[in-house]
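Participant: File upload.cif below, mmCIF, C-alpha atoms and all ligand atoms; chains and numbers go by the auth columns:
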data_final
loop_
_atom_site.group_PDB
_atom_site.id
_atom_site.type_symbol
_atom_site.label_atom_id
_atom_site.label_comp_id
_atom_site.label_asym_id
_atom_site.label_seq_id
_atom_site.Cartn_x
_atom_site.Cartn_y
_atom_site.Cartn_z
_atom_site.B_iso_or_equiv
_atom_site.auth_seq_id
_atom_site.auth_asym_id
ATOM 1 C CA MET A 1 194.936 83.925 174.117 0.00 63 A
ATOM 2 C CA ALA A 2 196.892 86.797 175.628 0.00 64 A
ATOM 3 C CA LEU A 3 195.270 90.184 175.990 0.00 65 A
ATOM 4 C CA ASP A 4 197.750 92.142 173.924 0.00 66 A
ATOM 5 C CA LYS A 5 195.178 94.506 172.413 0.00 67 A
ATOM 6 C CA PRO A 6 192.729 97.022 173.851 0.00 68 A
ATOM 7 C CA LEU A 7 189.311 95.490 174.577 0.00 69 A
ATOM 8 C CA LYS A 8 187.659 97.747 172.031 0.00 70 A
ATOM 9 C CA ASP A 9 189.764 96.131 169.297 0.00 71 A
ATOM 10 C CA LEU A 10 188.401 92.763 170.419 0.00 72 A
ATOM 11 C CA GLY A 11 184.798 93.893 170.079 0.00 73 A
ATOM 12 C CA LEU A 12 183.882 95.627 173.352 0.00 74 A
ATOM 13 C CA LYS A 13 182.508 98.928 172.165 0.00 75 A
ATOM 14 C CA SER A 14 179.709 99.706 174.641 0.00 76 A
ATOM 15 C CA GLU A 15 179.576 100.433 178.359 0.00 77 A
ATOM 16 C CA ARG A 16 177.448 98.897 181.086 0.00 78 A
ATOM 17 C CA LEU A 17 174.295 100.963 181.579 0.00 79 A
ATOM 18 C CA LEU A 18 173.146 101.285 185.185 0.00 80 A
ATOM 19 C CA TRP A 19 169.689 102.108 183.964 0.00 81 A
ATOM 20 C CA PRO A 20 166.906 99.616 184.708 0.00 82 A
ATOM 21 C CA ASN A 21 164.821 98.607 181.674 0.00 83 A
ATOM 22 C CA LYS A 22 167.263 100.277 179.291 0.00 84 A
ATOM 23 C CA ALA A 23 168.608 97.804 176.746 0.00 85 A
ATOM 24 C CA SER A 24 172.385 97.525 176.461 0.00 86 A
ATOM 25 C CA LYS A 25 174.659 95.577 174.156 0.00 87 A
ATOM 26 C CA PHE A 26 177.287 95.379 176.862 0.00 88 A
ATOM 27 C CA GLU A 27 176.395 91.895 178.165 0.00 89 A
ATOM 28 C CA ASP A 28 176.295 90.454 174.632 0.00 90 A
ATOM 29 C CA GLU A 29 179.637 91.987 173.790 0.00 91 A
ATOM 30 C CA VAL A 30 181.197 90.693 177.012 0.00 92 A
ATOM 31 C CA ASN A 31 179.891 87.198 176.230 0.00 93 A
ATOM 32 C CA ASP A 32 181.460 87.371 172.759 0.00 94 A
ATOM 33 C CA LEU A 33 184.659 88.617 174.311 0.00 95 A
ATOM 34 C CA GLU A 34 184.734 85.734 176.768 0.00 96 A
ATOM 35 C CA GLN A 35 184.572 83.318 173.854 0.00 97 A
ATOM 36 C CA LYS A 36 187.370 85.100 172.010 0.00 98 A
ATOM 37 C CA VAL A 37 189.883 85.510 174.797 0.00 99 A
ATOM 38 C CA GLY A 38 188.943 82.550 176.979 0.00 100 A
ATOM 39 C CA LEU A 39 187.926 84.685 179.919 0.00 101 A
ATOM 40 C CA THR A 40 185.269 83.594 182.358 0.00 102 A
ATOM 41 C CA THR A 41 184.129 84.116 185.907 0.00 103 A
ATOM 42 C CA LEU A 42 184.831 81.731 188.749 0.00 104 A
ATOM 43 C CA ALA A 43 181.094 81.032 189.120 0.00 105 A
ATOM 44 C CA LYS A 44 180.817 80.069 185.451 0.00 106 A
ATOM 45 C CA ALA A 45 183.908 77.846 185.679 0.00 107 A
ATOM 46 C CA VAL A 46 182.494 76.072 188.741 0.00 108 A
ATOM 47 C CA ALA A 47 179.110 75.588 187.015 0.00 109 A
ATOM 48 C CA TRP A 48 180.875 74.180 183.955 0.00 110 A
ATOM 49 C CA ALA A 49 182.809 71.733 186.136 0.00 111 A
ATOM 50 C CA GLN A 50 179.656 70.714 188.038 0.00 112 A
ATOM 51 C CA THR A 51 177.732 69.955 184.865 0.00 113 A
ATOM 52 C CA ASN A 52 180.580 67.853 183.512 0.00 114 A
ATOM 53 C CA SER A 53 180.839 65.696 186.619 0.00 115 A
ATOM 54 C CA MET A 54 177.237 65.343 187.788 0.00 116 A
ATOM 55 C CA TRP A 55 177.071 61.850 189.230 0.00 117 A
ATOM 56 C CA PRO A 56 173.658 60.194 189.571 0.00 118 A
ATOM 57 C CA ASP A 57 172.734 58.088 192.557 0.00 119 A
ATOM 58 C CA THR A 58 171.811 54.472 191.865 0.00 120 A
ATOM 59 C CA PHE A 59 168.111 54.684 192.522 0.00 121 A
ATOM 60 C CA GLY A 60 165.355 52.998 190.535 0.00 122 A
ATOM 61 C CA LEU A 61 161.796 52.400 191.657 0.00 123 A
ATOM 62 C CA ALA A 62 159.749 50.889 188.844 0.00 124 A
ATOM 63 C CA CYS A 63 159.483 50.395 185.082 0.00 125 A
ATOM 64 C CA CYS A 64 161.015 53.827 184.331 0.00 126 A
ATOM 65 C CA ALA A 65 164.241 52.606 185.926 0.00 127 A
ATOM 66 C CA ILE A 66 164.811 50.219 183.011 0.00 128 A
ATOM 67 C CA GLU A 67 164.870 53.195 180.642 0.00 129 A
ATOM 68 C CA MET A 68 167.116 55.088 183.036 0.00 130 A
ATOM 69 C CA MET A 69 169.632 52.225 183.185 0.00 131 A
ATOM 70 C CA SER A 70 169.992 52.210 179.424 0.00 132 A
ATOM 71 C CA ILE A 71 171.433 55.742 179.335 0.00 133 A
ATOM 72 C CA VAL A 72 174.812 54.365 180.382 0.00 134 A
ATOM 73 C CA SER A 73 174.902 52.044 177.367 0.00 135 A
ATOM 74 C CA SER A 74 177.018 52.792 174.331 0.00 136 A
ATOM 75 C CA ARG A 75 173.898 53.770 172.374 0.00 137 A
ATOM 76 C CA TYR A 76 173.073 56.708 174.663 0.00 138 A
ATOM 77 C CA ASP A 77 176.461 57.169 176.324 0.00 139 A
ATOM 78 C CA ILE A 78 176.061 59.681 179.141 0.00 140 A
ATOM 79 C CA ALA A 79 179.791 59.267 179.686 0.00 141 A
ATOM 80 C CA ARG A 80 180.099 62.133 177.214 0.00 142 A
ATOM 81 C CA PHE A 81 178.741 64.370 180.000 0.00 143 A
ATOM 82 C CA GLY A 82 181.124 62.895 182.585 0.00 144 A
ATOM 83 C CA MET A 83 178.153 61.138 184.179 0.00 145 A
ATOM 84 C CA GLU A 84 178.862 57.472 183.638 0.00 146 A
ATOM 85 C CA PRO A 85 179.445 56.408 187.245 0.00 147 A
ATOM 86 C CA PHE A 86 176.089 55.805 188.893 0.00 148 A
ATOM 87 C CA ARG A 87 177.222 56.016 192.507 0.00 149 A
ATOM 88 C CA GLY A 88 176.448 53.332 195.045 0.00 150 A
ATOM 89 C CA SER A 89 176.418 55.848 197.901 0.00 151 A
ATOM 90 C CA PRO A 90 174.359 59.054 198.066 0.00 152 A
ATOM 91 C CA ARG A 91 177.364 60.737 199.665 0.00 153 A
ATOM 92 C CA GLN A 92 179.165 60.472 196.331 0.00 154 A
ATOM 93 C CA ALA A 93 176.218 61.568 194.198 0.00 155 A
ATOM 94 C CA ASP A 94 174.762 64.960 193.361 0.00 156 A
ATOM 95 C CA LEU A 95 171.888 63.968 191.059 0.00 157 A
ATOM 96 C CA LEU A 96 168.861 61.932 192.138 0.00 158 A
ATOM 97 C CA ILE A 97 166.837 60.554 189.215 0.00 159 A
ATOM 98 C CA VAL A 98 163.517 59.409 190.668 0.00 160 A
ATOM 99 C CA SER A 99 162.513 56.843 188.075 0.00 161 A
ATOM 100 C CA GLY A 100 159.151 55.305 188.822 0.00 162 A
ATOM 101 C CA ARG A 101 156.206 55.570 191.156 0.00 163 A
ATOM 102 C CA VAL A 102 156.936 56.380 194.785 0.00 164 A
ATOM 103 C CA SER A 103 154.922 54.420 197.300 0.00 165 A
ATOM 104 C CA HIS A 104 154.274 55.960 200.699 0.00 166 A
ATOM 105 C CA LYS A 105 156.444 53.216 202.143 0.00 167 A
ATOM 106 C CA MET A 106 159.395 54.430 200.035 0.00 168 A
ATOM 107 C CA ALA A 107 158.889 58.112 200.848 0.00 169 A
ATOM 108 C CA ALA A 108 160.992 58.113 204.024 0.00 170 A
ATOM 109 C CA PRO A 109 163.946 56.141 202.519 0.00 171 A
ATOM 110 C CA LEU A 110 163.866 58.411 199.442 0.00 172 A
ATOM 111 C CA ARG A 111 164.033 61.511 201.604 0.00 173 A
ATOM 112 C CA GLN A 112 166.841 59.972 203.652 0.00 174 A
ATOM 113 C CA ILE A 113 168.864 59.291 200.509 0.00 175 A
ATOM 114 C CA TYR A 114 168.267 62.871 199.357 0.00 176 A
ATOM 115 C CA ASP A 115 169.360 64.247 202.738 0.00 177 A
ATOM 116 C CA GLN A 116 172.568 62.194 202.603 0.00 178 A
ATOM 117 C CA MET A 117 173.597 63.682 199.251 0.00 179 A
ATOM 118 C CA LEU A 118 176.060 66.540 199.375 0.00 180 A
ATOM 119 C CA GLU A 119 175.147 70.016 198.180 0.00 181 A
ATOM 120 C CA PRO A 120 174.764 71.267 195.552 0.00 182 A
ATOM 121 C CA LYS A 121 172.372 68.515 194.485 0.00 183 A
ATOM 122 C CA TRP A 122 169.629 68.188 191.928 0.00 184 A
ATOM 123 C CA VAL A 123 166.549 66.025 191.408 0.00 185 A
ATOM 124 C CA ILE A 124 164.954 64.821 188.181 0.00 186 A
ATOM 125 C CA ALA A 125 161.430 63.398 188.391 0.00 187 A
ATOM 126 C CA MET A 126 161.427 60.864 185.565 0.00 188 A
ATOM 127 C CA GLY A 127 158.077 59.826 184.142 0.00 189 A
ATOM 128 C CA ALA A 128 154.418 60.454 184.834 0.00 190 A
ATOM 129 C CA CYS A 129 154.377 58.480 188.090 0.00 191 A
ATOM 130 C CA ALA A 130 157.276 60.322 189.729 0.00 192 A
ATOM 131 C CA SER A 131 155.989 63.674 188.478 0.00 193 A
ATOM 132 C CA SER A 132 152.307 63.333 189.313 0.00 194 A
ATOM 133 C CA GLY A 133 151.407 59.821 190.472 0.00 195 A
ATOM 134 C CA GLY A 134 150.553 58.925 186.873 0.00 196 A
ATOM 135 C CA MET A 135 147.782 56.388 186.507 0.00 197 A
ATOM 136 C CA PHE A 136 148.127 55.364 190.164 0.00 198 A
ATOM 137 C CA ASN A 137 145.671 57.755 191.750 0.00 199 A
ATOM 138 C CA ASN A 138 145.277 55.675 194.879 0.00 200 A
ATOM 139 C CA TYR A 139 146.120 55.507 198.563 0.00 201 A
ATOM 140 C CA ALA A 140 149.421 53.675 198.083 0.00 202 A
ATOM 141 C CA ILE A 141 151.282 56.070 195.773 0.00 203 A
ATOM 142 C CA VAL A 142 152.645 59.551 196.503 0.00 204 A
ATOM 143 C CA GLN A 143 151.023 61.923 194.009 0.00 205 A
ATOM 144 C CA SER A 144 154.336 63.474 192.892 0.00 206 A
ATOM 145 C CA VAL A 145 157.768 63.150 194.394 0.00 207 A
ATOM 146 C CA ASP A 146 157.925 66.926 194.850 0.00 208 A
ATOM 147 C CA LYS A 147 155.887 66.379 198.013 0.00 209 A
ATOM 148 C CA ILE A 148 159.008 64.736 199.458 0.00 210 A
ATOM 149 C CA VAL A 149 161.979 66.413 197.788 0.00 211 A
ATOM 150 C CA PRO A 150 162.377 69.607 195.733 0.00 212 A
ATOM 151 C CA VAL A 151 162.433 68.761 192.024 0.00 213 A
ATOM 152 C CA ASP A 152 164.533 70.606 189.440 0.00 214 A
ATOM 153 C CA ILE A 153 163.383 68.939 186.223 0.00 215 A
ATOM 154 C CA TYR A 154 160.275 66.950 185.312 0.00 216 A
ATOM 155 C CA VAL A 155 160.554 64.506 182.415 0.00 217 A
ATOM 156 C CA PRO A 156 157.136 63.548 180.977 0.00 218 A
ATOM 157 C CA GLY A 157 156.211 60.161 179.518 0.00 219 A
ATOM 158 C CA CYS A 158 155.210 56.636 180.497 0.00 220 A
ATOM 159 C CA PRO A 159 157.905 55.566 180.340 0.00 221 A
ATOM 160 C CA PRO A 160 160.050 58.385 178.952 0.00 222 A
ATOM 161 C CA ARG A 161 162.488 57.118 176.377 0.00 223 A
ATOM 162 C CA PRO A 162 166.182 57.451 177.265 0.00 224 A
ATOM 163 C CA GLU A 163 166.393 60.332 174.781 0.00 225 A
ATOM 164 C CA GLN A 164 163.789 62.195 176.841 0.00 226 A
ATOM 165 C CA LEU A 165 165.754 61.645 180.029 0.00 227 A
ATOM 166 C CA ILE A 166 168.891 62.903 178.294 0.00 228 A
ATOM 167 C CA GLU A 167 166.917 65.961 177.159 0.00 229 A
ATOM 168 C CA GLY A 168 166.023 66.561 180.820 0.00 230 A
ATOM 169 C CA ILE A 169 169.667 66.171 181.838 0.00 231 A
ATOM 170 C CA VAL A 170 170.777 68.621 179.145 0.00 232 A
ATOM 171 C CA ARG A 171 168.110 71.127 180.299 0.00 233 A
ATOM 172 C CA LEU A 172 169.392 70.741 183.854 0.00 234 A
ATOM 173 C CA HIS A 173 172.958 71.368 182.689 0.00 235 A
ATOM 174 C CA GLU A 174 171.805 74.477 180.839 0.00 236 A
ATOM 175 C CA ALA A 175 170.054 75.764 183.946 0.00 237 A
ATOM 176 C CA VAL A 176 173.117 75.186 186.136 0.00 238 A
ATOM 177 C CA LYS A 177 175.383 76.906 183.603 0.00 239 A
ATOM 178 C CA ALA A 178 172.951 79.823 183.441 0.00 240 A
ATOM 179 C CA GLY A 179 173.245 80.243 187.202 0.00 241 A
ATOM 180 C CA VAL A 180 169.795 78.934 188.143 0.00 242 A
ATOM 181 C CA PRO A 181 170.049 77.752 191.761 0.00 243 A
ATOM 182 C CA PRO A 182 169.040 74.198 192.719 0.00 244 A
ATOM 183 C CA ALA A 183 165.366 73.671 193.556 0.00 245 A
ATOM 184 C CA TYR A 184 166.042 73.327 197.282 0.00 246 A
ATOM 185 C CA GLU A 185 167.427 76.875 197.307 0.00 247 A
ATOM 186 C CA ILE A 186 164.528 78.291 195.324 0.00 248 A
ATOM 187 C CA ARG A 187 161.846 76.548 197.354 0.00 249 A
ATOM 188 C CA SER A 188 163.796 76.312 200.633 0.00 250 A
ATOM 189 C CA VAL A 189 161.824 73.215 201.659 0.00 251 A
ATOM 190 C CA ALA A 190 160.015 70.480 199.793 0.00 252 A
ATOM 191 C CA SER A 191 156.441 71.484 199.202 0.00 253 A
HETATM 192 S S1 LIG B . 155.553 56.427 184.323 0.00 301 A
HETATM 193 FE FE1 LIG B . 154.907 54.506 183.318 0.00 301 A
HETATM 194 S S2 LIG B . 156.832 53.394 182.992 0.00 301 A
HETATM 195 FE FE2 LIG B . 157.244 54.981 184.546 0.00 301 A
HETATM 196 S S3 LIG B . 156.928 53.981 186.516 0.00 301 A
HETATM 197 FE FE3 LIG B . 154.981 54.927 185.915 0.00 301 A
HETATM 198 S S4 LIG B . 153.859 53.270 184.887 0.00 301 A
HETATM 199 FE FE4 LIG B . 156.012 52.669 184.942 0.00 301 A
#
Output the file's structure as structure tokens, nothing else.
Ligand code: SF4

Facilitator:
Amino acid sequence: MALDKPLKDLGLKSERLLWPNKASKFEDEVNDLEQKVGLTTLAKAVAWAQTNSMWPDTFGLACCAIEMMSIVSSRYDIARFGMEPFRGSPRQADLLIVSGRVSHKMAAPLRQIYDQMLEPKWVIAMGACASSGGMFNNYAIVQSVDKIVPVDIYVPGCPPRPEQLIEGIVRLHEAVKAGVPPAYEIRSVAS
């Protein structure tokens, strides 16, 4: 839509207040205006593109992986998010879904795969085992994958249903669109 009218006729009636803690309608009005005239910022356009082409790495560890695989089926259809190609190489992927328990033996390969992914990249810990070790409180299992890689989203459940994983993916998309940086930027290093 062309901007053939003054902005105030399109709904922008307030001004930005450079006053901390003082409420302003300006941001809300600008958001409405963006919807009306199709304006946006470059950062928002890039975030929109990233969330509509977030390709997961092919990486399954245990029973949760069966639920993860089903999200590409016609019933769940993550193709609607532009996410249908699970990539065979981490260099072509920007989302790592850790689905299942992580043994200490798998910790180094998992970290290597994460390091080979290009930035920006995100991690979803799928299920109780990936998030916290789950029922496997023993010497063989890493008690949460966030000891190896920074995690953006935790999906609870044992196993989480595909709908729960999709909920986690949608929450991740919302965070990216809202400008929340990836976990590796927030935490700098894996804790
Ligand atoms: S959370 Fe449950 S389903 Fe998932 S890997 Fe652990 S035991 Fe298996």

Participant: Kindly extract all protein, DNA and RNA residues lying within 7 Å of the coordinates (159.4, 51.8, 194.7) given in the file, considering all atoms listed in the file, and supply them as a VMD selection string.

Facilitator: chain A and resid 123 to 124 162 to 165 168

Participant: Could you give me, as a Markdown table, a per-residue list for chain A showing, wherever an atom lies at most 8 Å from an atom of ligand LIG 301 (chain A), the closest pair of atoms and their distance in Å to one decimal, using only C-alpha atoms and all ligand atoms and sorting by chain then residue number from low to high?

Facilitator:
| residue | atom | partner | partner_atom | distance |
| --- | --- | --- | --- | --- |
| A:Leu123 | CA | A:LIG301 | S3 | 7.3 |
| A:Ala124 | CA | A:LIG301 | S3 | 4.8 |
| A:Cys125 | CA | A:LIG301 | FE4 | 4.2 |
| A:Cys126 | CA | A:LIG301 | FE2 | 3.9 |
| A:Ala127 | CA | A:LIG301 | S3 | 7.5 |
| A:Ser161 | CA | A:LIG301 | S3 | 6.5 |
| A:Gly162 | CA | A:LIG301 | S3 | 3.5 |
| A:Arg163 | CA | A:LIG301 | S3 | 5.0 |
| A:Met188 | CA | A:LIG301 | FE2 | 7.3 |
| A:Gly189 | CA | A:LIG301 | S1 | 4.2 |
| A:Ala190 | CA | A:LIG301 | S1 | 4.2 |
| A:Cys191 | CA | A:LIG301 | FE3 | 4.2 |
| A:Ala192 | CA | A:LIG301 | S1 | 6.9 |
| A:Gly195 | CA | A:LIG301 | FE3 | 7.6 |
| A:Gly196 | CA | A:LIG301 | FE3 | 6.0 |
| A:Met197 | CA | A:LIG301 | S4 | 7.0 |
| A:Gly219 | CA | A:LIG301 | S1 | 6.1 |
| A:Cys220 | CA | A:LIG301 | FE1 | 3.5 |
| A:Pro221 | CA | A:LIG301 | S2 | 3.6 |
| A:Pro222 | CA | A:LIG301 | FE2 | 7.1 |

Participant: What gap, in Å, lies between CA of Val232 (chain A) and CA of Arg149 (chain A)?

Facilitator: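 Taking CA of Val232 (chain A) and CA of Arg149 (chain A), their separation equals 19.5 Å.
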
Participant: What's around Thr120 (chain A) at 8 Å? Count only C-alpha atoms, leave out sequence neighbours fewer than 4 positions away in its own chain, and write the answer as an MDAnalysis selection string.

Facilitator: chainID A and resid 148:151

Participant: Decode the PyMOL selection byres (((chain A and resi 132-145) around 8) and not hetatm) for the given file into explicit residues and return them as a PyMOL selection string.

Facilitator: chain A and resi 113-118+128-131+146-148+224-225+228

Participant: Using only C-alpha atoms for the distances, tell me which of A:Leu72, A:Ile215, A:Ala107, A:Val207 is nearest to Ala245 (chain A).

Facilitator: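 That would be A:Ile215, the residue with the smallest distance to Ala245 (chain A).
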
Participant: Got a sec to resolve the PyMOL selection byres (((chain A and resi 202) around 7) and not hetatm) on this structure and send the residues as a list in words?

Facilitator: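 Applied to this file, the PyMOL selection byres (((chain A and resi 202) around 7) and not hetatm) returns Ser165, His166, Asn200, Tyr201, Ile203 and Val204 of chain A.
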
Participant: Could you check the closest approach to Glu247 (chain A) for each of A:Arg173, A:Leu80, A:Leu234, A:Val213 and tell me which residue wins, using all atoms listed in the file?

Facilitator: A:Val213

Participant: May I have the residues at most 12 Å from (174.5, 78.4, 186.8) in the file's coordinates, counting all atoms listed in the file, as a PDB file with C-alpha atoms, keeping the file's coordinate frame?

Facilitator:
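This is the output file selection.pdb:
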ATOM      1  CA  THR A 103     184.129  84.116 185.907  1.00  0.00           C
ATOM      2  CA  LEU A 104     184.831  81.731 188.749  1.00  0.00           C
ATOM      3  CA  ALA A 105     181.094  81.032 189.120  1.00  0.00           C
ATOM      4  CA  LYS A 106     180.817  80.069 185.451  1.00  0.00           C
ATOM      5  CA  ALA A 107     183.908  77.846 185.679  1.00  0.00           C
ATOM      6  CA  VAL A 108     182.494  76.072 188.741  1.00  0.00           C
ATOM      7  CA  ALA A 109     179.110  75.588 187.015  1.00  0.00           C
ATOM      8  CA  TRP A 110     180.875  74.180 183.955  1.00  0.00           C
ATOM      9  CA  ALA A 111     182.809  71.733 186.136  1.00  0.00           C
ATOM     10  CA  GLN A 112     179.656  70.714 188.038  1.00  0.00           C
ATOM     11  CA  THR A 113     177.732  69.955 184.865  1.00  0.00           C
ATOM     12  CA  PRO A 182     174.764  71.267 195.552  1.00  0.00           C
ATOM     13  CA  ARG A 233     168.110  71.127 180.299  1.00  0.00           C
ATOM     14  CA  LEU A 234     169.392  70.741 183.854  1.00  0.00           C
ATOM     15  CA  HIS A 235     172.958  71.368 182.689  1.00  0.00           C
ATOM     16  CA  GLU A 236     171.805  74.477 180.839  1.00  0.00           C
ATOM     17  CA  ALA A 237     170.054  75.764 183.946  1.00  0.00           C
ATOM     18  CA  VAL A 238     173.117  75.186 186.136  1.00  0.00           C
ATOM     19  CA  LYS A 239     175.383  76.906 183.603  1.00  0.00           C
ATOM     20  CA  ALA A 240     172.951  79.823 183.441  1.00  0.00           C
ATOM     21  CA  GLY A 241     173.245  80.243 187.202  1.00  0.00           C
ATOM     22  CA  VAL A 242     169.795  78.934 188.143  1.00  0.00           C
ATOM     23  CA  PRO A 243     170.049  77.752 191.761  1.00  0.00           C
ATOM     24  CA  PRO A 244     169.040  74.198 192.719  1.00  0.00           C
TER      25      PRO A 244
END

Participant: Provide the CA of Gln178 (chain A) to CA of Ile159 (chain A) distance in Å, to one decimal place.

Facilitator: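 Separation between CA of Gln178 (chain A) and CA of Ile159 (chain A): 14.7 Å.
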
Participant: Could you please determine the separation between CA of Asn199 (chain A) and CA of Arg249 (chain A) in Å, to one decimal place?

Facilitator: 25.4 Å

Participant: Run the PyMOL selection byres (((chain A and resi 92) around 12) and not hetatm) against the file shown and list the residues it catches, as a list in words.

Facilitator: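 Here the PyMOL selection byres (((chain A and resi 92) around 12) and not hetatm) matches Leu69, Lys70, Leu72, Gly73, Leu74, Lys75, Ser76, Glu77, Arg78, Ser86, Lys87, Phe88, Glu89, Asp90, Glu91, Asn93, Asp94, Leu95, Glu96, Gln97, Lys98, Val99, Gly100, Leu101, Thr102 and Thr103 of chain A.
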
Participant: Hey, could you pull the box centre and edge lengths for region 140-144 of chain A, axis-aligned, 4 Å padding per side, all listed atoms, to one decimal in Å, as lines of an AutoDock Vina configuration file?

Facilitator:
center_x = 178.6
center_y = 61.8
center_z = 179.9
size_x = 13.1
size_y = 13.1
size_z = 13.4

Participant: Pick out the closest residue to Pro171 (chain A) from this set: A:Ala155, A:Val185, A:Val211, A:Leu227. Count only C-alpha atoms.

Facilitator: A:Val211

Participant: As a PDB file, keeping the file's coordinate frame, please: region 172-194 of chain A completed to N, CA and C atoms.

Facilitator:
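What landed in selection_16.pdb:
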ATOM      1  N   LEU A 172     163.476  57.496 200.531  1.00  0.00           N
ATOM      2  CA  LEU A 172     163.866  58.411 199.442  1.00  0.00           C
ATOM      3  C   LEU A 172     164.362  59.737 200.014  1.00  0.00           C
ATOM      4  N   ARG A 173     163.628  60.249 200.986  1.00  0.00           N
ATOM      5  CA  ARG A 173     164.033  61.511 201.604  1.00  0.00           C
ATOM      6  C   ARG A 173     165.366  61.349 202.332  1.00  0.00           C
ATOM      7  N   GLN A 174     165.576  60.197 202.951  1.00  0.00           N
ATOM      8  CA  GLN A 174     166.841  59.972 203.652  1.00  0.00           C
ATOM      9  C   GLN A 174     168.017  59.963 202.666  1.00  0.00           C
ATOM     10  N   ILE A 175     167.810  59.314 201.527  1.00  0.00           N
ATOM     11  CA  ILE A 175     168.864  59.291 200.509  1.00  0.00           C
ATOM     12  C   ILE A 175     169.154  60.717 200.040  1.00  0.00           C
ATOM     13  N   TYR A 176     168.088  61.484 199.788  1.00  0.00           N
ATOM     14  CA  TYR A 176     168.267  62.871 199.357  1.00  0.00           C
ATOM     15  C   TYR A 176     169.041  63.671 200.406  1.00  0.00           C
ATOM     16  N   ASP A 177     168.681  63.497 201.679  1.00  0.00           N
ATOM     17  CA  ASP A 177     169.360  64.247 202.738  1.00  0.00           C
ATOM     18  C   ASP A 177     170.829  63.869 202.849  1.00  0.00           C
ATOM     19  N   GLN A 178     171.177  62.637 202.491  1.00  0.00           N
ATOM     20  CA  GLN A 178     172.568  62.194 202.603  1.00  0.00           C
ATOM     21  C   GLN A 178     173.430  62.682 201.439  1.00  0.00           C
ATOM     22  N   MET A 179     172.808  63.169 200.383  1.00  0.00           N
ATOM     23  CA  MET A 179     173.597  63.682 199.251  1.00  0.00           C
ATOM     24  C   MET A 179     174.191  65.037 199.618  1.00  0.00           C
ATOM     25  N   LEU A 180     175.383  65.276 199.090  1.00  0.00           N
ATOM     26  CA  LEU A 180     176.060  66.540 199.375  1.00  0.00           C
ATOM     27  C   LEU A 180     175.485  67.656 198.502  1.00  0.00           C
ATOM     28  N   GLU A 181     175.590  68.868 198.973  1.00  0.00           N
ATOM     29  CA  GLU A 181     175.147  70.016 198.180  1.00  0.00           C
ATOM     30  C   GLU A 181     176.318  70.548 197.367  1.00  0.00           C
ATOM     31  N   PRO A 182     176.070  71.122 196.190  1.00  0.00           N
ATOM     32  CA  PRO A 182     174.764  71.267 195.552  1.00  0.00           C
ATOM     33  C   PRO A 182     174.275  69.939 194.989  1.00  0.00           C
ATOM     34  N   LYS A 183     172.953  69.761 194.982  1.00  0.00           N
ATOM     35  CA  LYS A 183     172.372  68.515 194.485  1.00  0.00           C
ATOM     36  C   LYS A 183     171.096  68.842 193.727  1.00  0.00           C
ATOM     37  N   TRP A 184     170.770  67.953 192.810  1.00  0.00           N
ATOM     38  CA  TRP A 184     169.629  68.188 191.928  1.00  0.00           C
ATOM     39  C   TRP A 184     168.770  66.929 191.858  1.00  0.00           C
ATOM     40  N   VAL A 185     167.488  67.139 191.499  1.00  0.00           N
ATOM     41  CA  VAL A 185     166.549  66.025 191.408  1.00  0.00           C
ATOM     42  C   VAL A 185     165.825  66.085 190.064  1.00  0.00           C
ATOM     43  N   ILE A 186     165.773  64.945 189.389  1.00  0.00           N
ATOM     44  CA  ILE A 186     164.954  64.821 188.181  1.00  0.00           C
ATOM     45  C   ILE A 186     163.815  63.851 188.489  1.00  0.00           C
ATOM     46  N   ALA A 187     162.584  64.293 188.272  1.00  0.00           N
ATOM     47  CA  ALA A 187     161.430  63.398 188.391  1.00  0.00           C
ATOM     48  C   ALA A 187     161.198  62.801 187.012  1.00  0.00           C
ATOM     49  N   MET A 188     161.485  61.509 186.885  1.00  0.00           N
ATOM     50  CA  MET A 188     161.427  60.864 185.565  1.00  0.00           C
ATOM     51  C   MET A 188     160.102  60.123 185.415  1.00  0.00           C
ATOM     52  N   GLY A 189     159.304  60.541 184.453  1.00  0.00           N
ATOM     53  CA  GLY A 189     158.077  59.826 184.142  1.00  0.00           C
ATOM     54  C   GLY A 189     156.846  60.381 184.839  1.00  0.00           C
ATOM     55  N   ALA A 190     155.696  59.951 184.325  1.00  0.00           N
ATOM     56  CA  ALA A 190     154.418  60.454 184.834  1.00  0.00           C
ATOM     57  C   ALA A 190     154.218  60.107 186.301  1.00  0.00           C
ATOM     58  N   CYS A 191     154.635  58.905 186.705  1.00  0.00           N
ATOM     59  CA  CYS A 191     154.377  58.480 188.090  1.00  0.00           C
ATOM     60  C   CYS A 191     155.169  59.329 189.074  1.00  0.00           C
ATOM     61  N   ALA A 192     156.460  59.530 188.810  1.00  0.00           N
ATOM     62  CA  ALA A 192     157.276  60.322 189.729  1.00  0.00           C
ATOM     63  C   ALA A 192     156.811  61.774 189.731  1.00  0.00           C
ATOM     64  N   SER A 193     156.364  62.262 188.581  1.00  0.00           N
ATOM     65  CA  SER A 193     155.989  63.674 188.478  1.00  0.00           C
ATOM     66  C   SER A 193     154.615  63.962 189.073  1.00  0.00           C
ATOM     67  N   SER A 194     153.686  63.011 188.921  1.00  0.00           N
ATOM     68  CA  SER A 194     152.307  63.333 189.313  1.00  0.00           C
ATOM     69  C   SER A 194     151.525  62.151 189.879  1.00  0.00           C
TER      70      SER A 194
END
